[in-house]
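These notes are about the structure you will find just below.
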Amino acid sequence: MKEILFLEPVFKSMIWGGNRLRTQFGYDIPDEHTGECWAISAHKNGDCIIREGTYQGRHLSWLWENHRELFGDLKGDAFPLLVKLIDANKDLSIQVHPDDDYAYRNENGSLGKTECWFILDCPEKGSIVIGHNAKDKDELKRMIEEERWQELISMRPVRKGDFFQITPGTVHAIKEGTLLLETQQSSDVTYRLYDYNRLDNGKPRPLHIDKSIDVIRCPHEDTPTGKRAWRDGSLYMEELISCEYYTVLKGSLKGDGRLIQDKPFMNVSIISGEGVIDGIGIGKGEHFILPRGYGEFTLSGNMEFVISYV
């Protein structure tokens with residue numbers, strides 16, 4: 001099929017959200033506390049609509065159910081990936097995600113949540129949370145029971161352009177001032193370990209201490225990223241990660257370039273600049289899917305983009 005599937009994003013208001021999805025991406029956001037843009041999603045909690053073309057007005061989940069050939073006739077109940085933009089105007093909670101097995105058994109058959117972050121913007125001396133300092137489960141439990149959060153949590157500096165893979169069982173948190181693009185399994189399961197004792201509508205948000213302890217990996221180990229890179233004329237491509245659930249590429253273009261869509265499907269997010277794909281104008285904040293069989297495509301312009309596929 002030689003038709004691009006352009007998507008309408010779904011927005012989520014969050015206690016920690018801000019307005020940069022409007023000021024930096026030009027979206028019509030619902031309020032000044034908009035934390036997430038579900039840009040490519042068929043999840044029931046945020047199902048994107050096809051903007052134009054043959055399937056205009058249809059949800060992505062409908063396409064998955066009724067036109068699986070667009071996605072290479074992949075098996076599975078759910079479209080496998082979810083792409084988000086996240087605007088952390090304030091700190092997110094300290095959290096952890098389960099793997100497929102734990103989520104299936106404990107969250108009504110849900111997928112687990114492997115995810116990765118490409119940092120679009122952050123403060124000059126920004127930081128994020130990835131990992132913890134407990135050597136085993138017993139020490140982890142003690143540190144949580146004694147609320148030794150500063151000692152437990154592993155903070156690290158972050159810069160624009162950094163990339164991190166967050167495997168299930170990894171303690172993590174996006175910190176104030178960070179704007180990122182997240183590629184993940186199509187799951188909405190998060191266990192909140194600590195939330196700074198803040199209130200939402202006068203009440204603390206629920207924590208999931210027991211489940212968090214169940215799934216946190218001890219000791220913590222970082223997941224290596226940055227596999228390879230290559231240049232083809234005006235086009236520079238980096239493979240950021242390739243794992244069981246997805247491959248994520250970052251592209252930079254100044255001029256003209258060609259790529260081939262030979263995967264079951266290919267998600268594309270334009271993260272800066274503007275240009276043209278096969279004669280169609282695209283720019284920052286545009287998200288689309290190239291379906292199975294799309295083949296070779298031509299890009300031109302000055303832009304950066306992120307590609308993901310299974």
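Naming works like this for the structure tokens: A, B, ... for the chains as they're shown, residue 1 at the start of each chain, ligands 1 onward in shown order.
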Just the helix (DSSP H, G or I) stuff from segment 19-246 of chain A, please, per backbone DSSP, written as an mmCIF file with N, CA and C atoms, in the first residue's frame.
```cif
data_model
loop_
_atom_site.group_PDB
_atom_site.id
_atom_site.type_symbol
_atom_site.label_atom_id
_atom_site.label_comp_id
_atom_site.auth_asym_id
_atom_site.auth_seq_id
_atom_site.Cartn_x
_atom_site.Cartn_y
_atom_site.Cartn_z
ATOM 1 N N ARG A 20 4.405 22.997 26.905
ATOM 2 C CA ARG A 20 5.373 22.987 25.803
ATOM 3 C C ARG A 20 4.909 22.185 24.596
ATOM 4 N N LEU A 21 3.909 21.328 24.765
ATOM 5 C CA LEU A 21 3.369 20.646 23.595
ATOM 6 C C LEU A 21 2.647 21.642 22.683
ATOM 7 N N ARG A 22 2.268 22.786 23.257
ATOM 8 C CA ARG A 22 1.745 23.879 22.440
ATOM 9 C C ARG A 22 2.864 24.825 21.999
ATOM 10 N N THR A 23 3.689 25.283 22.954
ATOM 11 C CA THR A 23 4.665 26.320 22.636
ATOM 12 C C THR A 23 5.798 25.814 21.751
ATOM 13 N N LEU A 60 -6.904 3.759 14.950
ATOM 14 C CA LEU A 60 -5.805 2.850 14.627
ATOM 15 C C LEU A 60 -6.125 1.430 15.079
ATOM 16 N N SER A 61 -6.807 1.279 16.201
ATOM 17 C CA SER A 61 -7.179 -0.066 16.670
ATOM 18 C C SER A 61 -8.102 -0.759 15.661
ATOM 19 N N TRP A 62 -8.985 0.021 15.006
ATOM 20 C CA TRP A 62 -9.879 -0.553 13.988
ATOM 21 C C TRP A 62 -9.076 -1.069 12.808
ATOM 22 N N LEU A 63 -8.079 -0.308 12.385
ATOM 23 C CA LEU A 63 -7.226 -0.773 11.295
ATOM 24 C C LEU A 63 -6.510 -2.060 11.679
ATOM 25 N N TRP A 64 -6.014 -2.116 12.907
ATOM 26 C CA TRP A 64 -5.308 -3.314 13.373
ATOM 27 C C TRP A 64 -6.231 -4.535 13.327
ATOM 28 N N GLU A 65 -7.484 -4.344 13.701
ATOM 29 C CA GLU A 65 -8.423 -5.463 13.742
ATOM 30 C C GLU A 65 -8.914 -5.854 12.348
ATOM 31 N N ASN A 66 -9.101 -4.867 11.473
ATOM 32 C CA ASN A 66 -9.792 -5.120 10.214
ATOM 33 C C ASN A 66 -8.897 -5.107 8.977
ATOM 34 N N ARG A 68 -5.251 -6.031 8.969
ATOM 35 C CA ARG A 68 -3.958 -6.463 9.519
ATOM 36 C C ARG A 68 -2.882 -6.535 8.440
ATOM 37 N N GLU A 69 -3.312 -6.625 7.175
ATOM 38 C CA GLU A 69 -2.325 -6.666 6.095
ATOM 39 C C GLU A 69 -1.498 -5.382 6.035
ATOM 40 N N LEU A 70 -2.044 -4.267 6.542
ATOM 41 C CA LEU A 70 -1.290 -3.010 6.576
ATOM 42 C C LEU A 70 -0.086 -3.094 7.509
ATOM 43 N N PHE A 71 -0.126 -4.063 8.417
ATOM 44 C CA PHE A 71 0.915 -4.226 9.426
ATOM 45 C C PHE A 71 1.608 -5.580 9.293
ATOM 46 N N ASP A 100 6.234 -8.670 30.600
ATOM 47 C CA ASP A 100 5.026 -9.259 30.020
ATOM 48 C C ASP A 100 4.393 -10.304 30.940
ATOM 49 N N ASP A 101 5.224 -11.162 31.503
ATOM 50 C CA ASP A 101 4.698 -12.251 32.315
ATOM 51 C C ASP A 101 3.984 -11.724 33.555
ATOM 52 N N TYR A 102 4.625 -10.801 34.264
ATOM 53 C CA TYR A 102 4.026 -10.266 35.496
ATOM 54 C C TYR A 102 2.755 -9.483 35.177
ATOM 55 N N ALA A 103 2.798 -8.661 34.115
ATOM 56 C CA ALA A 103 1.620 -7.873 33.744
ATOM 57 C C ALA A 103 0.466 -8.768 33.327
ATOM 58 N N TYR A 104 0.760 -9.814 32.578
ATOM 59 C CA TYR A 104 -0.289 -10.724 32.137
ATOM 60 C C TYR A 104 -0.992 -11.366 33.340
ATOM 61 N N ARG A 105 -0.190 -11.763 34.342
ATOM 62 C CA ARG A 105 -0.747 -12.454 35.507
ATOM 63 C C ARG A 105 -1.434 -11.510 36.494
ATOM 64 N N ASN A 106 -0.987 -10.259 36.555
ATOM 65 C CA ASN A 106 -1.452 -9.354 37.604
ATOM 66 C C ASN A 106 -2.248 -8.151 37.107
ATOM 67 N N LYS A 137 17.208 -7.623 47.166
ATOM 68 C CA LYS A 137 15.815 -7.336 47.511
ATOM 69 C C LYS A 137 15.653 -6.975 48.993
ATOM 70 N N ASP A 138 16.400 -7.636 49.854
ATOM 71 C CA ASP A 138 16.285 -7.343 51.289
ATOM 72 C C ASP A 138 16.670 -5.899 51.582
ATOM 73 N N GLU A 139 17.777 -5.458 50.990
ATOM 74 C CA GLU A 139 18.187 -4.067 51.203
ATOM 75 C C GLU A 139 17.177 -3.105 50.565
ATOM 76 N N LEU A 140 16.655 -3.483 49.388
ATOM 77 C CA LEU A 140 15.646 -2.672 48.733
ATOM 78 C C LEU A 140 14.436 -2.471 49.647
ATOM 79 N N LYS A 141 13.928 -3.554 50.226
ATOM 80 C CA LYS A 141 12.763 -3.471 51.104
ATOM 81 C C LYS A 141 13.050 -2.577 52.302
ATOM 82 N N ARG A 142 14.233 -2.737 52.916
ATOM 83 C CA ARG A 142 14.582 -1.934 54.091
ATOM 84 C C ARG A 142 14.628 -0.446 53.744
ATOM 85 N N MET A 143 15.253 -0.131 52.626
ATOM 86 C CA MET A 143 15.395 1.275 52.240
ATOM 87 C C MET A 143 14.037 1.902 51.933
ATOM 88 N N ILE A 144 13.131 1.113 51.341
ATOM 89 C CA ILE A 144 11.786 1.621 51.065
ATOM 90 C C ILE A 144 11.003 1.794 52.363
ATOM 91 N N GLU A 145 11.065 0.784 53.238
ATOM 92 C CA GLU A 145 10.356 0.866 54.520
ATOM 93 C C GLU A 145 10.825 2.047 55.352
ATOM 94 N N TRP A 149 14.812 7.553 50.466
ATOM 95 C CA TRP A 149 14.682 7.736 49.032
ATOM 96 C C TRP A 149 15.933 8.324 48.399
ATOM 97 N N GLN A 150 16.522 9.327 49.031
ATOM 98 C CA GLN A 150 17.710 9.961 48.460
ATOM 99 C C GLN A 150 18.868 8.975 48.335
ATOM 100 N N GLU A 151 18.943 8.071 49.284
ATOM 101 C CA GLU A 151 20.003 7.057 49.269
ATOM 102 C C GLU A 151 19.705 5.954 48.251
ATOM 103 N N LEU A 152 18.432 5.650 48.076
ATOM 104 C CA LEU A 152 18.041 4.548 47.199
ATOM 105 C C LEU A 152 18.131 4.923 45.721
ATOM 106 N N ILE A 209 3.524 -0.181 46.294
ATOM 107 C CA ILE A 209 4.794 -0.586 46.903
ATOM 108 C C ILE A 209 5.065 -2.073 46.714
ATOM 109 N N ASP A 210 4.092 -2.910 47.023
ATOM 110 C CA ASP A 210 4.318 -4.362 46.958
ATOM 111 C C ASP A 210 4.625 -4.817 45.536
ATOM 112 N N LYS A 211 3.846 -4.327 44.572
ATOM 113 C CA LYS A 211 4.097 -4.708 43.183
ATOM 114 C C LYS A 211 5.439 -4.158 42.703
ATOM 115 N N SER A 212 5.790 -2.953 43.144
ATOM 116 C CA SER A 212 7.087 -2.384 42.770
ATOM 117 C C SER A 212 8.226 -3.267 43.266
ATOM 118 N N ILE A 213 8.146 -3.666 44.521
ATOM 119 C CA ILE A 213 9.191 -4.528 45.082
ATOM 120 C C ILE A 213 9.258 -5.850 44.319
ATOM 121 N N ASP A 214 8.097 -6.378 43.961
ATOM 122 C CA ASP A 214 8.063 -7.630 43.189
ATOM 123 C C ASP A 214 8.887 -7.524 41.909
ATOM 124 N N VAL A 215 8.745 -6.400 41.181
ATOM 125 C CA VAL A 215 9.295 -6.347 39.823
ATOM 126 C C VAL A 215 10.651 -5.646 39.713
#
```
Show which residues sit within 6 Å of Lys84 of chain A, as a PDB file with C-alpha atoms, in the first residue's frame. Count only C-alpha atoms, and ignore same-chain residues fewer than 3 positions away.
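File written: selection.pdb
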```pdb
ATOM      1  CA  CYS A  37       0.815  13.444  23.617  1.00  0.00           C
ATOM      2  CA  TRP A  38      -0.062   9.902  22.559  1.00  0.00           C
ATOM      3  CA  ALA A  39       1.151  10.387  19.018  1.00  0.00           C
ATOM      4  CA  LEU A 181       9.925  11.276  22.855  1.00  0.00           C
ATOM      5  CA  GLU A 182       9.098   7.856  24.276  1.00  0.00           C
TER       6      GLU A 182
END
```
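Taking only C-alpha atoms into account, His208 of chain A lies nearest to A:Gln95 out of the set A:Gln185, A:Ser110, A:Asn133, A:Gln95.
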Need the shell around Phe6 of chain A: protein/DNA/RNA residues with any atom at most 7 Å away, counting only C-alpha atoms. Skip same-chain ones fewer than 5 positions apart. Format as a PDB file with N, CA and C atoms, in the first residue's frame?
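As written to disk, part37.pdb reads:
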```pdb
ATOM      1  N   ILE A  50      -7.141   8.175  12.284  1.00  0.00           N
ATOM      2  CA  ILE A  50      -6.490   8.470  11.014  1.00  0.00           C
ATOM      3  C   ILE A  50      -7.028   9.808  10.491  1.00  0.00           C
ATOM      4  N   ARG A  51      -6.122  10.719  10.140  1.00  0.00           N
ATOM      5  CA  ARG A  51      -6.493  12.098   9.833  1.00  0.00           C
ATOM      6  C   ARG A  51      -7.092  12.278   8.443  1.00  0.00           C
ATOM      7  N   GLU A  52      -6.632  11.505   7.482  1.00  0.00           N
ATOM      8  CA  GLU A  52      -7.036  11.735   6.087  1.00  0.00           C
ATOM      9  C   GLU A  52      -6.852  10.458   5.286  1.00  0.00           C
ATOM     10  N   HIS A 287       3.238  12.936  12.988  1.00  0.00           N
ATOM     11  CA  HIS A 287       3.463  11.514  13.291  1.00  0.00           C
ATOM     12  C   HIS A 287       2.664  10.686  12.286  1.00  0.00           C
ATOM     13  N   PHE A 288       3.292   9.658  11.739  1.00  0.00           N
ATOM     14  CA  PHE A 288       2.597   8.856  10.740  1.00  0.00           C
ATOM     15  C   PHE A 288       3.177   7.453  10.685  1.00  0.00           C
ATOM     16  N   ILE A 289       2.426   6.575  10.015  1.00  0.00           N
ATOM     17  CA  ILE A 289       2.824   5.179   9.848  1.00  0.00           C
ATOM     18  C   ILE A 289       2.959   4.898   8.356  1.00  0.00           C
TER      19      ILE A 289
END
```
Item to check | Residue contacts of Leu180 of chain A (8 Å, only C-alpha atoms) excluding same-chain residues fewer than 2 positions away, as a list in words | outcome: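 After dropping sequence-adjacent residues, the list is Leu85, Ile86, Asp87, Trp117, Phe118, Ile119, Leu120, Asp121, Thr178 and Glu182 of chain A.
When the distance limit is 8 Å and only C-alpha atoms are what count, the residues near Phe11 of chain A, minus those fewer than 6 positions from it on the same chain, are A:Ile29, A:Pro30, A:Thr34, A:Gly35, A:Glu36, A:Cys37, A:Trp38.
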Could you write out the selected residues, including N, CA and C atoms, as a PDB file, in the first residue's frame?
```
ATOM      1  N   ILE A  29      -3.549  22.016  22.737  1.00  0.00           N
ATOM      2  CA  ILE A  29      -3.617  21.173  23.932  1.00  0.00           C
ATOM      3  C   ILE A  29      -4.824  21.541  24.791  1.00  0.00           C
ATOM      4  N   PRO A  30      -5.296  20.609  25.627  1.00  0.00           N
ATOM      5  CA  PRO A  30      -6.518  20.864  26.398  1.00  0.00           C
ATOM      6  C   PRO A  30      -6.352  21.855  27.538  1.00  0.00           C
ATOM      7  N   THR A  34      -0.782  19.833  30.374  1.00  0.00           N
ATOM      8  CA  THR A  34      -0.818  18.714  29.432  1.00  0.00           C
ATOM      9  C   THR A  34       0.546  18.020  29.454  1.00  0.00           C
ATOM     10  N   GLY A  35       0.556  16.802  29.952  1.00  0.00           N
ATOM     11  CA  GLY A  35       1.810  16.102  30.146  1.00  0.00           C
ATOM     12  C   GLY A  35       2.194  15.162  29.025  1.00  0.00           C
ATOM     13  N   GLU A  36       1.196  14.606  28.323  1.00  0.00           N
ATOM     14  CA  GLU A  36       1.501  13.585  27.329  1.00  0.00           C
ATOM     15  C   GLU A  36       0.736  13.805  26.032  1.00  0.00           C
ATOM     16  N   CYS A  37       1.407  13.557  24.943  1.00  0.00           N
ATOM     17  CA  CYS A  37       0.815  13.444  23.617  1.00  0.00           C
ATOM     18  C   CYS A  37       0.992  12.002  23.179  1.00  0.00           C
ATOM     19  N   TRP A  38      -0.112  11.264  23.083  1.00  0.00           N
ATOM     20  CA  TRP A  38      -0.062   9.902  22.559  1.00  0.00           C
ATOM     21  C   TRP A  38      -0.137  10.036  21.046  1.00  0.00           C
TER      22      TRP A  38
END
```
Next on the checklist: Just the number, please: distance in Å from atom CA of Glu176 of chain A to atom CA of Asp188 of chain A, one decimal.
Outcome noted: 21.4 Å
Next on the checklist: Between A:Asn45, A:Thr183, A:Thr223, A:Thr190, which residue has the minimum interatomic distance to Leu207 of chain A, considering only C-alpha atoms?
Outcome noted: A:Thr190
Checklist entry - Of the candidates A:Glu124, A:Asp136, A:Asp47, A:Glu3, which one gets nearest to Asp278 of chain A if we count only C-alpha atoms? => result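 Using only C-alpha atoms, the shortest distance to Asp278 of chain A belongs to A:Glu3.
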Item to check | Contact residues around Gly255 of chain A with only C-alpha atoms at 9 Å, ignoring same-chain residues under 4 positions, as an NGL selection string | outcome: :A and (233-235 or 299-302)
Checklist entry - Looking only at the backbone, which of the residues in segment 87-169 of chain A does DSSP tag as strand (DSSP E or B), as a list in words? => result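 Matching residues for strand (DSSP E or B) in segment 87-169 of chain A are Asp87, Ala88, Ile94, Gln95, Val96, Glu115, Cys116, Trp117, Phe118, Ile119, Leu120, Asp121, Ser127, Ile128, Val129, Ile130, Gly131, His132, Ile153, Ser154, Met155, Arg156, Pro157, Phe163, Phe164, Gln165 and Ile166 of chain A.
Put simply, atom CA of Thr170 of chain A is 26.2 Å away from atom CA of Ile271 of chain A.
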Item to check | Nearest to Phe79 of chain A by atom-to-atom distance, counting only C-alpha atoms, from A:Gly26, A:Ile216, A:Thr298, A:Phe265 | outcome: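 Selected residue with least distance to Phe79 of chain A: A:Phe265.
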Checklist entry - Between atom CA of Gly53 of chain A and atom CA of Asp28 of chain A, what is the spacing in Å? => result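 Interatomic distance, atom CA of Asp28 of chain A to atom CA of Gly53 of chain A: 22.0 Å.
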Checklist outcome for this item: Judged by only C-alpha atoms, the minimum distance to Lys75 of chain A among A:Asn108, A:Gly177, A:Val310, A:Pro157 is found for A:Val310
Next on the checklist: Between A:Leu240, A:Val171, A:Val129, A:Ile15, which residue has the minimum interatomic distance to Met155 of chain A, considering only C-alpha atoms?
Outcome noted: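 With only C-alpha atoms as the atom set, the closest residue is A:Val129.
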